[in-house]
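K.L.:
Quick one: the structure is below, questions incoming.
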Amino acid sequence: MAALQLEKQRGRYAALAIAAVVIVVGIPLWWKTTETYRAWLPFSEISELDSLQLQLSVDIEVVFSRGTLTPEQQKKFPLSHVNEKEHQLHHKTEFSCGSVVVYVIPESSTLLPEDVKVYVGQRRTALLRSPPFKTSWNLKEVLSNLDVEVEQVVSTMSFGHQDIVAALSNRVRMTKVTKESMADSMRAIKSSPGYEITFSLLNPDPKSHSLHWDIEGAVQSYIQPLLNKLAPIANFSVDSQILYYAVLGVNPRFDNSVSAYTLSADSLSHVINPVEARLGSNAASSNPVLNFLLYVPDAHHSPLFIRDHSKRKVPSNAFHSPRWGGIMVYNVNEMYGPEAERPVDININMAKVMGVFLAQLRLMLGVQHTHPPTGFVLQSPGSAGLADWELDRLLWSRSVENIATASTTITSLAQLLDQIGNIVINDNIAQQVSSAVTSLQSAVAELEAGNLAFALQYSREAILASERAFFDPSLLHLLYFPDDQKFAIYIPLFLPMCVPIVLSLLKIVSEAKKRRADKQAKSD
Amino acid sequence: MAAHRCGLSLVCILIFSSLAHPSSCDTLEKANDNTAEKRSISEVNTDGSVAGEALNERQWQSTDAEVDRSDSTTHSEALTPAAARDEFQEELVIRPLHSGDIYASFQFRTLWDTDFLQEGQKVSHYRLFPKSLGQVLSKFSVRELHISFTQGFWRTMQWGQPFIPSPPGAELWVWFHDTVSDVDGNWKELTNVLSGIFCASLNFIDLTNTVQPSASFKPLGLGNATDHRFLRYATLPREIVCTENLTPWKKLLPCGSKAGLAVLMKSEKLFHSSFHSQAVHIRPICQDEQCSSKAWELRQTLNVVFDLHTSGQGKKEWSLFKMFSRTLTEACPLASSSKVYVDITDNPEGELFELSPATPLLGQAVVLGDRRTYSVYDLSRAETFGQLRSFNLLLRWKGDSGDMLRPLLHAERYVAGFGLQTGEIHTVIYNNHPYRAFPVLLMDSVPWYLQLYIHTLTVTSKSRDNKPSYIHYQPAKDRHRPHLLEMLIQLPPHSMTEVTVQFERALLKWTEYTPDPNHDLTSIVPVKEESSYFVRVYTEPLLVNLPTPDFSMPYNVICLTCTVVAVGYGSFYNLLTRTFQVDEPSPPLSKRLANLIRRMRGVPLLT
């Protein structure tokens, strides 16, 4: 009987040992071998990005010209603040990108006309007519007195609340956005490391006119200076093509009153689609494309004019479509001449065309029209078509936009990875994510410190890294591996193996209970 | 045994080279020069109104990879004196075939005096040349690009030689510029971009079906690059060609399908045909005789064979309208020349068929070593369209079409053997010339899952061993590289040469099978020939059955192994955990029987 007891005890130990082995070795082994590789991601830092507080700061240098301050006030300055240099008005000293210099000139100065309070130069400088100072003020008081004016100057030359809201409009829905700034923000093409600008000449009727356009020369003289100026923002590449037999999507209506064909503003939205099929996408890069189409209507439908909503003829005869590009209609019917010799050779006046396209290009790139407060005079932006401070404005809003986009990408990627446990996270993705996070952090820090150029560079790096991580094809490999298939595979193995173990464990437990009950009965 | 898995197989090329060594890359150029000299262009000018047509007559021949330099210069000067550095020509060659079918071959040629590969200067302003292709050329530093999409198989025995041969499915071969450092990377990206441009599955081209032929594909344009590291060649025999490939192809034409010859390209007619092949060839050529500067040539060709004999209710006549359900009304206004040619070589006296409207213009040219006579219709002249302002060419057969000469060269191939393990590929090349021997370069690219036994390679002609004078063999690497076999063989006159090689079928992993693996295909044999010209002949696709598993197998296997494991584990577990005790053995059966009897008898029982 003792031997039997011993044997039973041995069986019990064996069952327990097997259960222990299954739990201690089997389950971790199975877990380890079937788990998907997930590299470590800086989740905490990413969630910090989600509630990002941006702080932008601008370096402002205020220079008081001779005669603005009384000698007493000058004396009260600490020595380091006295900085009496002879500055020319349009001096060539380069100020670093993003900074603003305000020259304060005496109230009585004849440099500016009577009613002009502020004159904004082509570079990063502005002249400010000083309000009257009391001679008893010290520097602090003088400066605080200037605050309002300086702030106005800065919001014109760097950024205002509206610009930042517009830049963030994709991410943050603000209620206070005016319709106009909304339109501005929607019109400008999204920030991207590069743009393709394509000029297309549409000739729907090569039988009647053969068109010649000196696009190479026109690009050199009109577009390239602007693009050179914009080089810090993105890489631009320009190309052109001529498309024959390309027609607009709508039939223009003949208007007897002006004996011309007209396109109404409502129908313009239908114009682009059929043309776009012919434009072709850029085969060699994946950057966004800005299309500028010059449409020369065929002989039977010319002249062709565009009318705006109030039924007036649009003087430029051109329109643009937000984030897509512009179309200009160029009528050539006057050039046909009396004789019916077809096709007529026509040279296109590129100055006229490029004026329109250049204006559209500025709009597309987000060089926004500034509305200076009253009393401000802006210097005309010179041959490049873009003043330095306008570029700065663009850089400010672009950096903010880049940071917003990159942090959205990264947070949504992190959310996705968090939610779907099946996705494999490779080391290179983890590396991209963390480099995006570091670049984002440095971009934010640089914005705070006022280093605009660095901020822009870091924000671009952040965007690139975050997009690379987000669109990495390796994320897709095991994305859709449904759970029911896993069970279908595991059940044939696990069910027959686990049932005996569980049963014998139950049996051991119940025996132990019974024994305890017996013992208790005995002791009672 | 329902599963018939067919693997893809090979490509061969034969080059007939009168210049015995195949490495002479300029064979083509030379060949063309020869033909140009030999070619006598006789103008039969019945109404004496046309002079200076001689130059133009040669244009259609560019189908034979011909550089027509003098012609291009004349035209560019005549048309627009100033800026136009590019020009466009279109032509349609119609050849009534002996089988009663009609062979129509379109060719659109765009020439542009520019250099895409120039250092530092980006070409970005396009006029007639399509922008998308230009960008591809400059981005990937492509020296030469040839791509073709073909539906149907060219029946050499019935139809003779095509102007431009192409294998069924898609074929792509590209010479990269020798400044490219990462050729494979460029090739991969290029195939992806092209697959987007042409709406084709060229993105399935990868290392497992790409080869670098050492001798078979020489550059057709300028430059004598011989380093085949910069050459990539791939075919996709499974590619189905349809309307979605034709539409982007038409979009590359300056006039689109709105004017000129391209209005005839109506896809429901073009694809309702026995053979359809569309191609794009880009190459650099000389701009003038001295070759002082480079120009780029883009040739878009489209070849169709219509089976009008069966669809025409037994009537033997055809017209443009019958073939394309359109007629021509104008030439493309951008084209410097726009012509329709009809091959009337077999009909010199008009006894076989009758053409209407008749044309006063005749042209002669040597095509593939054959002197052909053509009726020429010049679409750039208003007379061609007549009173109705529409040009509908009509051909009425009078008698029975004569017998066709057997083509000089043709090739076929098949798989021999039985079972699913081993087999033998037979390639048979016929030389029908009565007294001339031809050197032939045979190229064969076999997928890795057919494991070739190269020691079993035999070449026999006239039942004698024919030793190849040049063999280039690159063995396959599983899942990385296909086999490549190139051989230079001398074909004796009037002979049949048979090339055989044995192979074993590999077992694929279950994810490596193509979709619908129970149907399929493939292989192609391009054959080239040269005797002052060269010919490339492709054999038919080869069908190879691979052992195909039952695809529900993985789950069955899982279930079965799990059951086995579970049963084994169960008994093991029982053995370990059950308690065993010695049981009182029951008395044996004899004893029980004895006791039963004893009980009945009343005798004491046994113990």
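Naming scheme: A, B, ... for chains in displayed order of the structure tokens; residues 1 onward per chain; ligands 1 onward as shown.
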Near chain B, which residues of chain A fall within 8 Å when you count only C-alpha atoms, and what do they look like as number ranges by chain?
P.N.:
A: 4, 7-8, 10-15, 206-207, 215-216, 238-245, 278, 280-284, 489, 492-493, 496-497, 500
K.L.:
List every residue of region 162-227 of chain B that DSSP, applied to the backbone of this structure, assigns to strand (DSSP E or B), and report them as a PyMOL selection string.
P.N.:
chain B and resi 169-176+210-211
K.L.:
Which parts of region 225-311 of chain A does DSSP call alpha helix (DSSP H) when run on the backbone here, written out as a VMD selection string?
P.N.:
chain A and resid 225 to 229 272 to 279
K.L.:
Identify, on the basis of only C-alpha atoms, every residue whose closest approach to region 353-359 of chain A does not exceed 8 Å; exclude the query and any residue fewer than 4 positions from it along the same chain; express the result as a short mmCIF file (atom, residue, chain, number, x, y, z; two decimals) with N, CA and C atoms, in the first residue's frame.
P.N.:
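Saved to result_34.cif:
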```
data_model
loop_
_atom_site.label_atom_id
_atom_site.label_comp_id
_atom_site.auth_asym_id
_atom_site.auth_seq_id
_atom_site.Cartn_x
_atom_site.Cartn_y
_atom_site.Cartn_z
N ALA A 218 12.80 83.86 -70.81
CA ALA A 218 11.85 84.45 -69.86
C ALA A 218 12.08 83.89 -68.46
N TYR A 222 12.92 86.44 -65.57
CA TYR A 222 11.83 86.80 -64.67
C TYR A 222 11.72 85.87 -63.46
N ILE A 223 11.84 84.58 -63.71
CA ILE A 223 11.54 83.63 -62.64
C ILE A 223 12.78 83.34 -61.80
N PHE A 292 1.75 76.19 -64.57
CA PHE A 292 1.34 77.48 -65.12
C PHE A 292 1.04 77.27 -66.59
N LEU A 294 -0.38 78.53 -70.25
CA LEU A 294 -0.68 79.65 -71.13
C LEU A 294 -1.57 79.09 -72.22
N SER A 316 -6.14 90.89 -66.29
CA SER A 316 -4.98 90.07 -66.63
C SER A 316 -5.39 88.88 -67.50
N ALA A 318 -6.42 86.06 -66.51
CA ALA A 318 -5.78 84.89 -65.92
C ALA A 318 -6.48 84.55 -64.63
N GLY A 326 -1.65 78.25 -62.13
CA GLY A 326 -2.42 79.31 -62.76
C GLY A 326 -2.63 79.06 -64.23
N MET A 328 -3.46 81.28 -67.83
CA MET A 328 -3.63 82.59 -68.45
C MET A 328 -4.11 82.38 -69.86
N ASN A 349 4.47 87.47 -76.42
CA ASN A 349 5.10 88.52 -75.62
C ASN A 349 5.32 88.00 -74.20
N LEU A 363 1.99 84.09 -55.05
CA LEU A 363 0.83 83.68 -54.26
C LEU A 363 0.94 82.21 -53.85
#
```
K.L.:
Please list as a list in words every residue within 6 Å of region 88-99 of chain B, counting only C-alpha atoms and excluding residues in the same chain fewer than 3 positions away.
P.N.:
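Returned residues: Ile102, Tyr103, Ala104, Ser105, Phe106, Gln107, Phe108, Arg109, Thr110, Ala335, Ser336, Ser337, Ser338, Lys339, Val340, Tyr341, Val342, Asp343 and Ser401 of chain B.
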K.L.:
For the residues in the current selection, export all heavy atoms as a compact mmCIF listing (two decimals), in the first residue's frame.
P.N.:
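Printed below is result.txt as written:
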```txt
# COMPACT_ATOMS: atom_id res chain seq x y z
N ILE B 102 -3.47 41.60 -93.16
CA ILE B 102 -2.89 42.91 -93.48
C ILE B 102 -1.96 43.30 -92.35
O ILE B 102 -2.31 43.23 -91.17
CB ILE B 102 -3.99 43.98 -93.59
CG1 ILE B 102 -5.04 43.57 -94.59
CG2 ILE B 102 -3.39 45.31 -93.97
CD1 ILE B 102 -4.56 43.51 -95.98
N TYR B 103 -0.78 43.71 -92.73
CA TYR B 103 0.21 44.15 -91.76
C TYR B 103 0.29 45.67 -91.84
O TYR B 103 0.63 46.20 -92.89
CB TYR B 103 1.54 43.49 -92.07
CG TYR B 103 2.70 43.90 -91.19
CD1 TYR B 103 2.51 44.29 -89.87
CD2 TYR B 103 4.00 43.86 -91.69
CE1 TYR B 103 3.58 44.64 -89.08
CE2 TYR B 103 5.07 44.21 -90.89
CZ TYR B 103 4.86 44.60 -89.60
OH TYR B 103 5.93 44.95 -88.81
N ALA B 104 -0.06 46.36 -90.76
CA ALA B 104 0.02 47.82 -90.75
C ALA B 104 1.05 48.23 -89.72
O ALA B 104 1.02 47.75 -88.59
CB ALA B 104 -1.33 48.42 -90.41
N SER B 105 1.98 49.07 -90.14
CA SER B 105 3.06 49.47 -89.24
C SER B 105 3.14 50.99 -89.19
O SER B 105 3.43 51.64 -90.19
CB SER B 105 4.37 48.87 -89.75
OG SER B 105 5.43 49.41 -89.05
N PHE B 106 2.83 51.55 -88.02
CA PHE B 106 2.92 52.99 -87.84
C PHE B 106 4.31 53.31 -87.31
O PHE B 106 4.86 52.56 -86.51
CB PHE B 106 1.91 53.47 -86.80
CG PHE B 106 0.49 53.36 -87.22
CD1 PHE B 106 -0.22 52.20 -87.03
CD2 PHE B 106 -0.14 54.44 -87.81
CE1 PHE B 106 -1.55 52.10 -87.40
CE2 PHE B 106 -1.47 54.36 -88.19
CZ PHE B 106 -2.17 53.19 -87.99
N GLN B 107 4.82 54.44 -87.73
CA GLN B 107 6.04 54.90 -87.09
C GLN B 107 6.01 56.41 -86.92
O GLN B 107 5.73 57.14 -87.86
CB GLN B 107 7.27 54.51 -87.90
CG GLN B 107 8.51 55.16 -87.30
CD GLN B 107 9.77 54.62 -87.87
OE1 GLN B 107 10.18 53.53 -87.52
NE2 GLN B 107 10.36 55.37 -88.76
N PHE B 108 6.28 56.84 -85.70
CA PHE B 108 6.32 58.27 -85.40
C PHE B 108 7.72 58.57 -84.90
O PHE B 108 8.20 57.93 -83.97
CB PHE B 108 5.29 58.63 -84.34
CG PHE B 108 3.90 58.25 -84.72
CD1 PHE B 108 3.40 57.00 -84.39
CD2 PHE B 108 3.12 59.12 -85.44
CE1 PHE B 108 2.12 56.64 -84.76
CE2 PHE B 108 1.84 58.76 -85.82
CZ PHE B 108 1.34 57.51 -85.48
N ARG B 109 8.35 59.53 -85.54
CA ARG B 109 9.75 59.80 -85.23
C ARG B 109 9.88 61.22 -84.76
O ARG B 109 9.44 62.15 -85.44
CB ARG B 109 10.55 59.66 -86.51
CG ARG B 109 11.58 58.59 -86.48
CD ARG B 109 12.24 58.56 -87.83
NE ARG B 109 13.67 58.55 -87.66
CZ ARG B 109 14.50 59.15 -88.49
NH1 ARG B 109 14.05 59.82 -89.52
NH2 ARG B 109 15.79 59.08 -88.26
N THR B 110 10.46 61.43 -83.62
CA THR B 110 10.74 62.78 -83.14
C THR B 110 12.25 62.92 -83.02
O THR B 110 12.89 62.10 -82.36
CB THR B 110 10.09 63.02 -81.78
OG1 THR B 110 8.74 62.62 -81.84
CG2 THR B 110 10.15 64.48 -81.40
N ALA B 335 3.89 67.71 -88.20
CA ALA B 335 4.79 66.75 -88.82
C ALA B 335 5.46 67.36 -90.03
O ALA B 335 4.80 68.04 -90.83
CB ALA B 335 4.02 65.50 -89.21
N SER B 336 6.74 67.13 -90.17
CA SER B 336 7.43 67.62 -91.36
C SER B 336 7.19 66.67 -92.51
O SER B 336 7.38 67.04 -93.66
CB SER B 336 8.92 67.77 -91.08
OG SER B 336 9.43 66.55 -90.63
N SER B 337 6.83 65.45 -92.24
CA SER B 337 6.44 64.56 -93.32
C SER B 337 5.41 63.59 -92.78
O SER B 337 5.49 63.15 -91.64
CB SER B 337 7.65 63.82 -93.88
OG SER B 337 7.69 62.51 -93.42
N SER B 338 4.44 63.29 -93.62
CA SER B 338 3.35 62.45 -93.17
C SER B 338 2.92 61.62 -94.37
O SER B 338 2.40 62.14 -95.33
CB SER B 338 2.22 63.35 -92.67
OG SER B 338 1.12 62.59 -92.28
N LYS B 339 3.20 60.34 -94.34
CA LYS B 339 3.01 59.53 -95.56
C LYS B 339 2.40 58.18 -95.25
O LYS B 339 2.57 57.65 -94.15
CB LYS B 339 4.36 59.30 -96.23
CG LYS B 339 5.01 60.56 -96.74
CD LYS B 339 5.92 60.24 -97.90
CE LYS B 339 6.35 61.52 -98.56
NZ LYS B 339 7.37 62.23 -97.77
N VAL B 340 1.72 57.65 -96.25
CA VAL B 340 1.21 56.28 -96.16
C VAL B 340 1.86 55.50 -97.30
O VAL B 340 1.90 55.96 -98.44
CB VAL B 340 -0.32 56.25 -96.30
CG1 VAL B 340 -0.81 54.81 -96.29
CG2 VAL B 340 -0.97 57.03 -95.19
N TYR B 341 2.42 54.35 -96.98
CA TYR B 341 3.06 53.51 -97.99
C TYR B 341 2.29 52.19 -98.09
O TYR B 341 1.89 51.63 -97.07
CB TYR B 341 4.49 53.17 -97.59
CG TYR B 341 5.42 54.34 -97.44
CD1 TYR B 341 5.46 55.06 -96.25
CD2 TYR B 341 6.26 54.70 -98.47
CE1 TYR B 341 6.30 56.13 -96.11
CE2 TYR B 341 7.13 55.77 -98.33
CZ TYR B 341 7.15 56.49 -97.15
OH TYR B 341 8.00 57.53 -97.00
N VAL B 342 2.12 51.71 -99.30
CA VAL B 342 1.53 50.38 -99.46
C VAL B 342 2.51 49.53 -100.25
O VAL B 342 3.01 49.94 -101.30
CB VAL B 342 0.17 50.45 -100.20
CG1 VAL B 342 -0.42 49.06 -100.29
CG2 VAL B 342 -0.76 51.39 -99.48
N ASP B 343 2.78 48.36 -99.74
CA ASP B 343 3.76 47.47 -100.36
C ASP B 343 3.12 46.80 -101.57
O ASP B 343 2.14 46.06 -101.44
CB ASP B 343 4.18 46.42 -99.33
CG ASP B 343 5.37 45.62 -99.81
OD1 ASP B 343 5.57 45.54 -101.04
OD2 ASP B 343 6.11 45.09 -98.96
N SER B 401 -3.81 34.98 -103.75
CA SER B 401 -2.46 35.44 -103.45
C SER B 401 -1.49 34.28 -103.63
O SER B 401 -1.79 33.15 -103.27
CB SER B 401 -2.40 35.98 -102.03
OG SER B 401 -3.01 35.07 -101.16
```
K.L.:
Would you mind listing what lies within 7 Å of region 385-393 of chain B as a list in words, with only C-alpha atoms counted and same-chain residues fewer than 2 positions away left out?
P.N.:
Ser319, Leu320, Phe321, Thr327, Leu328, Thr329, Ser356, Pro357, Ala382, Glu383 and Leu395 of chain B
K.L.:
Here is a test: counting only C-alpha atoms, which residue of B:Ser201, B:Thr373, B:Thr359, B:Ser590 is nearest to Asp346 (chain B)?
P.N.:
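Checking each candidate against Asp346 (chain B), we get B:Thr373 as the closest.
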